[in-house]
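Note: the block below is query36.cif and it holds mmCIF, C-alpha atoms.
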```cif
data_start
loop_
_atom_site.label_atom_id
_atom_site.label_comp_id
_atom_site.auth_asym_id
_atom_site.auth_seq_id
_atom_site.Cartn_x
_atom_site.Cartn_y
_atom_site.Cartn_z
CA MET L 1 86.51 108.84 55.08
CA ILE L 2 87.86 109.34 51.61
CA ASN L 3 87.83 106.28 49.39
CA PRO L 4 90.52 106.97 46.78
CA THR L 5 89.70 103.87 44.74
CA GLU L 6 86.07 104.88 44.41
CA GLN L 7 86.97 108.46 43.46
CA LEU L 8 89.57 107.32 40.93
CA SER L 9 87.06 104.90 39.46
CA LYS L 10 84.47 107.68 39.14
CA LEU L 11 86.99 110.03 37.50
CA SER L 12 88.09 107.28 35.10
CA LEU L 13 84.49 106.48 34.19
CA ASN L 14 83.76 110.16 33.55
CA GLY L 15 86.90 110.38 31.42
CA PHE L 16 85.92 107.34 29.35
CA GLU L 17 82.39 108.68 28.88
CA ALA L 18 83.81 111.99 27.67
CA LEU L 19 86.22 110.18 25.37
CA PHE L 20 83.41 108.10 23.89
CA ARG L 21 81.24 111.18 23.44
CA ALA L 22 84.11 113.00 21.70
CA ALA L 23 84.65 109.99 19.43
CA GLN L 24 80.93 109.94 18.60
CA ILE L 25 80.96 113.66 17.78
CA SER L 26 84.02 113.17 15.56
CA LEU L 27 82.44 110.24 13.74
CA ASP L 28 79.17 112.13 13.25
CA SER L 29 81.06 115.10 11.82
CA THR L 30 83.10 112.86 9.56
CA GLU L 31 79.89 111.25 8.34
CA ARG L 32 78.40 114.66 7.59
CA LEU L 33 81.53 115.70 5.67
CA VAL L 34 81.55 112.45 3.66
CA LYS L 35 77.85 112.87 2.83
CA LEU L 36 78.47 116.46 1.78
CA ASN L 37 81.38 115.43 -0.44
CA PHE L 38 79.32 112.62 -1.96
CA GLU L 39 76.43 114.96 -2.72
CA LEU L 40 78.78 117.55 -4.20
CA SER L 41 80.44 114.93 -6.41
CA LYS L 42 77.08 113.66 -7.58
CA GLN L 43 75.87 117.21 -8.24
CA SER L 44 79.07 118.06 -10.12
CA LEU L 45 78.73 115.03 -12.36
CA GLU L 46 75.12 115.89 -13.17
CA GLU L 47 76.03 119.52 -13.90
CA ASN L 48 78.92 118.51 -16.18
CA VAL L 49 76.64 116.25 -18.22
CA LYS L 50 74.11 119.08 -18.51
CA LEU L 51 76.83 121.58 -19.43
CA THR L 52 78.26 119.34 -22.11
CA ARG L 53 74.82 119.04 -23.69
CA GLU L 54 74.27 122.81 -23.50
CA LEU L 55 77.66 123.69 -24.97
CA SER L 56 77.25 121.27 -27.84
CA SER L 57 73.97 122.98 -28.81
CA LEU L 58 75.39 126.52 -28.88
CA LYS L 59 75.79 128.08 -32.32
CA THR L 60 78.11 131.07 -31.85
CA PRO L 61 81.27 131.77 -29.87
CA GLN L 62 79.46 134.70 -28.18
CA GLU L 63 76.78 132.34 -26.85
CA ALA L 64 79.50 130.01 -25.56
CA LEU L 65 81.36 132.88 -23.89
CA THR L 66 78.18 134.16 -22.24
CA ARG L 67 77.30 130.66 -21.04
CA LEU L 68 80.84 130.06 -19.73
CA ASN L 69 80.80 133.39 -17.83
CA LYS L 70 77.46 132.47 -16.29
CA LEU L 71 78.80 129.03 -15.43
CA ALA L 72 81.93 130.48 -13.82
CA THR L 73 79.75 132.71 -11.64
CA GLN L 74 77.54 129.81 -10.63
CA ASN L 75 80.56 127.62 -9.87
CA LEU L 76 82.15 130.26 -7.68
CA GLU L 77 78.89 130.85 -5.82
CA GLN L 78 78.55 127.10 -5.32
CA ALA L 79 82.15 126.84 -4.11
CA VAL L 80 81.50 129.59 -1.56
CA ALA L 81 78.33 127.83 -0.39
CA ASN L 82 80.17 124.51 -0.16
CA SER L 83 83.02 126.02 1.82
CA ARG L 84 80.44 127.55 4.15
CA SER L 85 78.87 124.12 4.67
CA VAL L 86 82.24 122.60 5.52
CA TYR L 87 83.03 125.53 7.81
CA ASP L 88 79.68 125.09 9.61
CA ILE L 89 80.29 121.38 10.20
CA VAL L 90 83.80 122.01 11.52
CA SER L 91 82.63 124.90 13.73
CA GLU L 92 79.81 122.86 15.23
CA THR L 93 82.19 119.98 15.92
CA GLN L 94 84.69 122.30 17.59
CA ALA L 95 81.97 123.83 19.74
CA GLU L 96 80.66 120.44 20.88
CA LEU L 97 84.15 119.14 21.67
CA GLY L 98 84.88 122.37 23.54
CA LYS L 99 81.77 121.88 25.67
CA ILE L 100 82.89 118.35 26.56
CA ALA L 101 86.36 119.56 27.53
CA GLU L 102 84.95 122.42 29.59
CA SER L 103 82.48 120.13 31.34
CA ASN L 104 85.22 117.62 32.19
CA PHE L 105 87.49 120.35 33.46
CA ASN L 106 84.73 121.73 35.68
CA GLU L 107 83.95 118.25 37.00
CA LEU L 108 87.61 117.59 37.75
CA ASN L 109 87.93 120.97 39.43
CA LYS L 110 84.93 120.24 41.69
CA SER L 111 86.37 116.84 42.57
CA VAL L 112 89.74 118.32 43.48
CA ILE L 113 88.14 121.05 45.61
CA SER L 114 85.93 118.55 47.44
CA ASN L 115 88.92 116.28 48.09
CA ILE L 116 90.90 119.22 49.45
CA ASP L 117 87.96 120.08 51.71
CA LEU L 118 87.84 116.50 52.99
CA LEU L 119 91.58 116.40 53.51
CA SER L 120 91.58 119.73 55.30
CA LYS L 121 89.14 118.38 57.89
CA ASN L 122 91.71 115.75 58.84
CA ALA L 123 94.72 118.02 58.44
CA PRO L 124 96.85 118.89 61.46
CA ALA L 125 96.35 122.17 63.23
CA GLY L 126 98.08 125.10 61.59
CA SER L 127 97.78 123.74 58.07
CA GLU L 128 94.82 125.98 57.23
CA THR L 129 97.10 128.49 55.51
CA ALA L 130 98.55 125.86 53.19
CA VAL L 131 95.09 124.46 52.42
CA ASN L 132 93.72 127.94 51.68
CA ALA L 133 96.71 128.70 49.46
CA LEU L 134 96.11 125.47 47.57
CA LYS L 135 92.39 126.26 47.14
CA SER L 136 93.25 129.77 46.05
CA GLY L 137 95.71 128.48 43.46
CA ILE L 138 93.17 126.05 42.06
CA ALA L 139 90.50 128.75 41.93
CA ALA L 140 92.92 131.10 40.14
CA GLY L 141 93.76 128.38 37.62
CA ALA L 142 90.07 127.69 37.01
CA ALA L 143 89.38 131.40 36.58
CA ALA L 144 92.25 131.70 34.09
CA ILE L 145 90.95 128.77 32.08
CA ASN L 146 87.42 130.21 32.12
CA SER L 147 88.80 133.55 30.87
CA MET L 148 90.70 131.81 28.08
CA THR L 149 87.58 129.82 27.16
CA LYS L 150 85.50 133.00 26.96
CA ALA L 151 88.20 134.70 24.88
CA ALA L 152 88.35 131.71 22.54
CA GLN L 153 84.57 131.81 22.15
CA GLN L 154 84.74 135.51 21.30
CA VAL L 155 87.47 134.84 18.73
CA ALA L 156 85.37 132.03 17.23
CA GLU L 157 82.33 134.33 17.02
CA PHE L 158 84.46 137.04 15.38
CA ALA L 159 85.93 134.52 12.93
CA ASP L 160 82.44 133.24 12.14
CA SER L 161 81.12 136.71 11.37
CA SER L 162 84.26 137.47 9.33
CA VAL L 163 83.84 134.29 7.28
CA LYS L 164 80.18 135.13 6.64
CA ALA L 165 81.11 138.66 5.57
CA ALA L 166 83.90 137.38 3.31
CA ASN L 167 81.54 134.85 1.72
CA SER L 168 78.95 137.54 1.04
CA ALA L 169 81.57 139.91 -0.36
CA THR L 170 82.95 137.19 -2.63
CA VAL L 171 79.53 136.29 -3.99
CA ASP L 172 78.69 139.97 -4.54
CA ALA L 173 82.01 140.60 -6.31
CA VAL L 174 81.50 137.62 -8.58
CA LYS L 175 77.97 138.71 -9.47
CA THR L 176 79.18 142.23 -10.22
CA ALA L 177 82.05 140.95 -12.36
CA ALA L 178 79.70 138.62 -14.22
CA LYS L 179 77.27 141.45 -14.95
CA ARG L 180 80.11 143.65 -16.24
CA SER L 181 81.44 140.81 -18.35
CA SER L 182 78.00 140.09 -19.81
CA ALA L 183 77.42 143.77 -20.57
CA ALA L 184 80.75 144.09 -22.39
#
```

Go ahead and express the file in the form of structure tokens.
Amino acid sequence: MINPTEQLSKLSLNGFEALFRAAQISLDSTERLVKLNFELSKQSLEENVKLTRELSSLKTPQEALTRLNKLATQNLEQAVANSRSVYDIVSETQAELGKIAESNFNELNKSVISNIDLLSKNAPAGSETAVNALKSGIAAGAAAINSMTKAAQQVAEFADSSVKAANSATVDAVKTAAKRSSAA
């Protein structure tokens, strides 16, 4: 016999566990982002103090220009690296939250299918067609969601490779421009 209270309780508990896990992932990611921002701020302050000392010791405008060009290149490279770090944290968080959502959906789908199976055993004669249609509809919905999930993963992988390529191209372009500027 089906015990709806027990099944609802189990589904609710699974939902709360998933919610707590998602909250933990979000807090961990936020902590990582705050730590990254703190480290970047600290690093920036240290670099500005160092730069001020260096610029005050330069004798000619050409030395200052060369140093500023080098500094601009370093800053842009650092900005690209920092954006990559933020992108990695956000991507990892999205992937973990996606796994939780997918797992919960699969668990819910299994529960619904098992409940339909149990109900169909007690269903009146002739209702097999309706039960099969219901199962078929649920299976089609699950297949559609799985297809969308796979497509989203492919898009995320493509975006990831595109971001990496753009970062590399940016760093290369900055280095090339800095070399040309220094040579001029």

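Of note, CA of Ile100 in chain L and CA of Ala18 in chain L are spaced 6.5 Å apart.
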
Report task. Would you list the contacts of range 145-154 of chain L as a list of chain:residue names, taking every protein, DNA or RNA residue within 12 Å and counting all atoms listed in the file, but skipping same-chain residues closer than 2 positions in sequence? Result -> L:Ser91, L:Gln94, L:Ala95, L:Gly98, L:Lys99, L:Ala101, L:Glu102, L:Ser103, L:Phe105, L:Asn106, L:Asn109, L:Ile138, L:Ala139, L:Ala140, L:Gly141, L:Ala142, L:Ala143, L:Ala156, L:Glu157, L:Phe158, L:Ala159, L:Asp160, L:Ser161

Report task. For each of L:Glu54, L:Thr176, L:Val171, L:Leu65, take the minimum atom-to-atom distance to Glu77 in chain L, counting all atoms listed in the file, then give the residue where this is smallest. Result -> L:Val171

Query raised in the report: Which value, in Å to one decimal, gives the distance between CA of Val163 in chain L and CA of Leu76 in chain L?
Result: 15.6 Å

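Note that CA of Ala22 in chain L and CA of Glu96 in chain L are 8.2 Å apart.
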
Report task. Can you pull out every residue within 12 Å of Gly137 in chain L, counting only C-alpha atoms, but drop anything in the same chain fewer than 6 positions away, and send it as a ChimeraX atom specification? Result -> /L:109,112-113,130-131,143-144

Could you take the residues named above and write them with C-alpha atoms, as a PDB file, in the coordinates of the input?
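Final output, part.pdb:
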```pdb
ATOM      1  CA  ASN L 109      87.930 120.970  39.430  1.00  0.00           C
ATOM      2  CA  VAL L 112      89.740 118.320  43.480  1.00  0.00           C
ATOM      3  CA  ILE L 113      88.140 121.050  45.610  1.00  0.00           C
ATOM      4  CA  ALA L 130      98.550 125.860  53.190  1.00  0.00           C
ATOM      5  CA  VAL L 131      95.090 124.460  52.420  1.00  0.00           C
ATOM      6  CA  ALA L 143      89.380 131.400  36.580  1.00  0.00           C
ATOM      7  CA  ALA L 144      92.250 131.700  34.090  1.00  0.00           C
TER       8      ALA L 144
END
```

Report task. Extract, using only C-alpha atoms, all DNA, RNA and protein residues at most 10 Å from Arg32 in chain L, discarding same-chain residues fewer than 6 positions from it, and format them as a VMD selection string. Result -> chain L and resid 26 38 85 to 86 89 to 90

Please define a box with edges along x, y and z of the file around all atoms of range 171-176 of chain L given in the file, extend it by 4 Å on each side, and return its centre and edge lengths in Å to one decimal, as JSON.
```
{"center_x": 80.0, "center_y": 139.3, "center_z": -7.1, "size_x": 12.0, "size_y": 13.9, "size_z": 14.2}
```

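For the choices L:Ser136, L:Asn122, L:Gln62, L:Thr73, the atom-to-atom distance to Asp172 in chain L is smallest for L:Thr73 when using all atoms listed in the file.
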
Query raised in the report: What do you get, as a list in words, if you spell out every residue that the PyMOL selection byres ((chain L and resi 14) around 12) selects here?
Result: Gln7, Leu8, Ser9, Lys10, Leu11, Ser12, Leu13, Gly15, Phe16, Glu17, Ala18, Leu19, Phe20, Arg21, Ile100, Ala101, Ser103, Asn104, Phe105, Asn106, Glu107, Leu108 and Ser111 of chain L

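Minimum distance to Ser29 in chain L across L:Leu97, L:Ala64, L:Ala81, L:Leu71 (counting only C-alpha atoms) occurs at L:Leu97.
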
Can you patch up range 153-173 of chain L, filling it in to N, CA and C atoms, and show the result as a PDB file, keeping the file's coordinate frame?
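Printed below is rebuild.pdb as written:
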```
ATOM      1  N   GLN L 153      85.924 131.752  22.696  1.00  0.00           N
ATOM      2  CA  GLN L 153      84.570 131.810  22.150  1.00  0.00           C
ATOM      3  C   GLN L 153      84.351 133.136  21.403  1.00  0.00           C
ATOM      4  N   GLN L 154      84.865 134.221  21.960  1.00  0.00           N
ATOM      5  CA  GLN L 154      84.740 135.510  21.300  1.00  0.00           C
ATOM      6  C   GLN L 154      85.496 135.526  19.972  1.00  0.00           C
ATOM      7  N   VAL L 155      86.680 134.925  19.966  1.00  0.00           N
ATOM      8  CA  VAL L 155      87.470 134.840  18.730  1.00  0.00           C
ATOM      9  C   VAL L 155      86.716 134.000  17.702  1.00  0.00           C
ATOM     10  N   ALA L 156      86.126 132.887  18.150  1.00  0.00           N
ATOM     11  CA  ALA L 156      85.370 132.030  17.230  1.00  0.00           C
ATOM     12  C   ALA L 156      84.167 132.772  16.667  1.00  0.00           C
ATOM     13  N   GLU L 157      83.473 133.543  17.492  1.00  0.00           N
ATOM     14  CA  GLU L 157      82.330 134.330  17.020  1.00  0.00           C
ATOM     15  C   GLU L 157      82.784 135.388  16.015  1.00  0.00           C
ATOM     16  N   PHE L 158      83.911 136.043  16.305  1.00  0.00           N
ATOM     17  CA  PHE L 158      84.460 137.040  15.380  1.00  0.00           C
ATOM     18  C   PHE L 158      84.852 136.390  14.064  1.00  0.00           C
ATOM     19  N   ALA L 159      85.516 135.237  14.149  1.00  0.00           N
ATOM     20  CA  ALA L 159      85.930 134.520  12.930  1.00  0.00           C
ATOM     21  C   ALA L 159      84.699 134.103  12.132  1.00  0.00           C
ATOM     22  N   ASP L 160      83.666 133.656  12.819  1.00  0.00           N
ATOM     23  CA  ASP L 160      82.440 133.240  12.140  1.00  0.00           C
ATOM     24  C   ASP L 160      81.818 134.408  11.392  1.00  0.00           C
ATOM     25  N   SER L 161      81.713 135.548  12.048  1.00  0.00           N
ATOM     26  CA  SER L 161      81.120 136.710  11.370  1.00  0.00           C
ATOM     27  C   SER L 161      82.028 137.191  10.230  1.00  0.00           C
ATOM     28  N   SER L 162      83.335 137.084  10.394  1.00  0.00           N
ATOM     29  CA  SER L 162      84.260 137.470   9.330  1.00  0.00           C
ATOM     30  C   SER L 162      84.136 136.547   8.122  1.00  0.00           C
ATOM     31  N   VAL L 163      84.000 135.241   8.380  1.00  0.00           N
ATOM     32  CA  VAL L 163      83.840 134.290   7.280  1.00  0.00           C
ATOM     33  C   VAL L 163      82.545 134.558   6.539  1.00  0.00           C
ATOM     34  N   LYS L 164      81.466 134.831   7.277  1.00  0.00           N
ATOM     35  CA  LYS L 164      80.180 135.130   6.640  1.00  0.00           C
ATOM     36  C   LYS L 164      80.291 136.399   5.787  1.00  0.00           C
ATOM     37  N   ALA L 165      80.941 137.409   6.320  1.00  0.00           N
ATOM     38  CA  ALA L 165      81.110 138.660   5.570  1.00  0.00           C
ATOM     39  C   ALA L 165      81.963 138.431   4.326  1.00  0.00           C
ATOM     40  N   ALA L 166      83.032 137.666   4.462  1.00  0.00           N
ATOM     41  CA  ALA L 166      83.900 137.380   3.310  1.00  0.00           C
ATOM     42  C   ALA L 166      83.146 136.589   2.245  1.00  0.00           C
ATOM     43  N   ASN L 167      82.341 135.628   2.684  1.00  0.00           N
ATOM     44  CA  ASN L 167      81.540 134.850   1.720  1.00  0.00           C
ATOM     45  C   ASN L 167      80.583 135.759   0.967  1.00  0.00           C
ATOM     46  N   SER L 168      79.899 136.629   1.683  1.00  0.00           N
ATOM     47  CA  SER L 168      78.950 137.540   1.040  1.00  0.00           C
ATOM     48  C   SER L 168      79.675 138.479   0.072  1.00  0.00           C
ATOM     49  N   ALA L 169      80.813 139.001   0.498  1.00  0.00           N
ATOM     50  CA  ALA L 169      81.570 139.910  -0.360  1.00  0.00           C
ATOM     51  C   ALA L 169      82.061 139.200  -1.617  1.00  0.00           C
ATOM     52  N   THR L 170      82.479 137.955  -1.480  1.00  0.00           N
ATOM     53  CA  THR L 170      82.950 137.190  -2.630  1.00  0.00           C
ATOM     54  C   THR L 170      81.827 136.960  -3.633  1.00  0.00           C
ATOM     55  N   VAL L 171      80.681 136.528  -3.099  1.00  0.00           N
ATOM     56  CA  VAL L 171      79.530 136.290  -3.990  1.00  0.00           C
ATOM     57  C   VAL L 171      79.112 137.579  -4.680  1.00  0.00           C
ATOM     58  N   ASP L 172      79.063 138.676  -3.945  1.00  0.00           N
ATOM     59  CA  ASP L 172      78.690 139.970  -4.540  1.00  0.00           C
ATOM     60  C   ASP L 172      79.698 140.398  -5.609  1.00  0.00           C
ATOM     61  N   ALA L 173      80.978 140.215  -5.342  1.00  0.00           N
ATOM     62  CA  ALA L 173      82.010 140.600  -6.310  1.00  0.00           C
ATOM     63  C   ALA L 173      81.908 139.767  -7.576  1.00  0.00           C
TER      64      ALA L 173
END
```
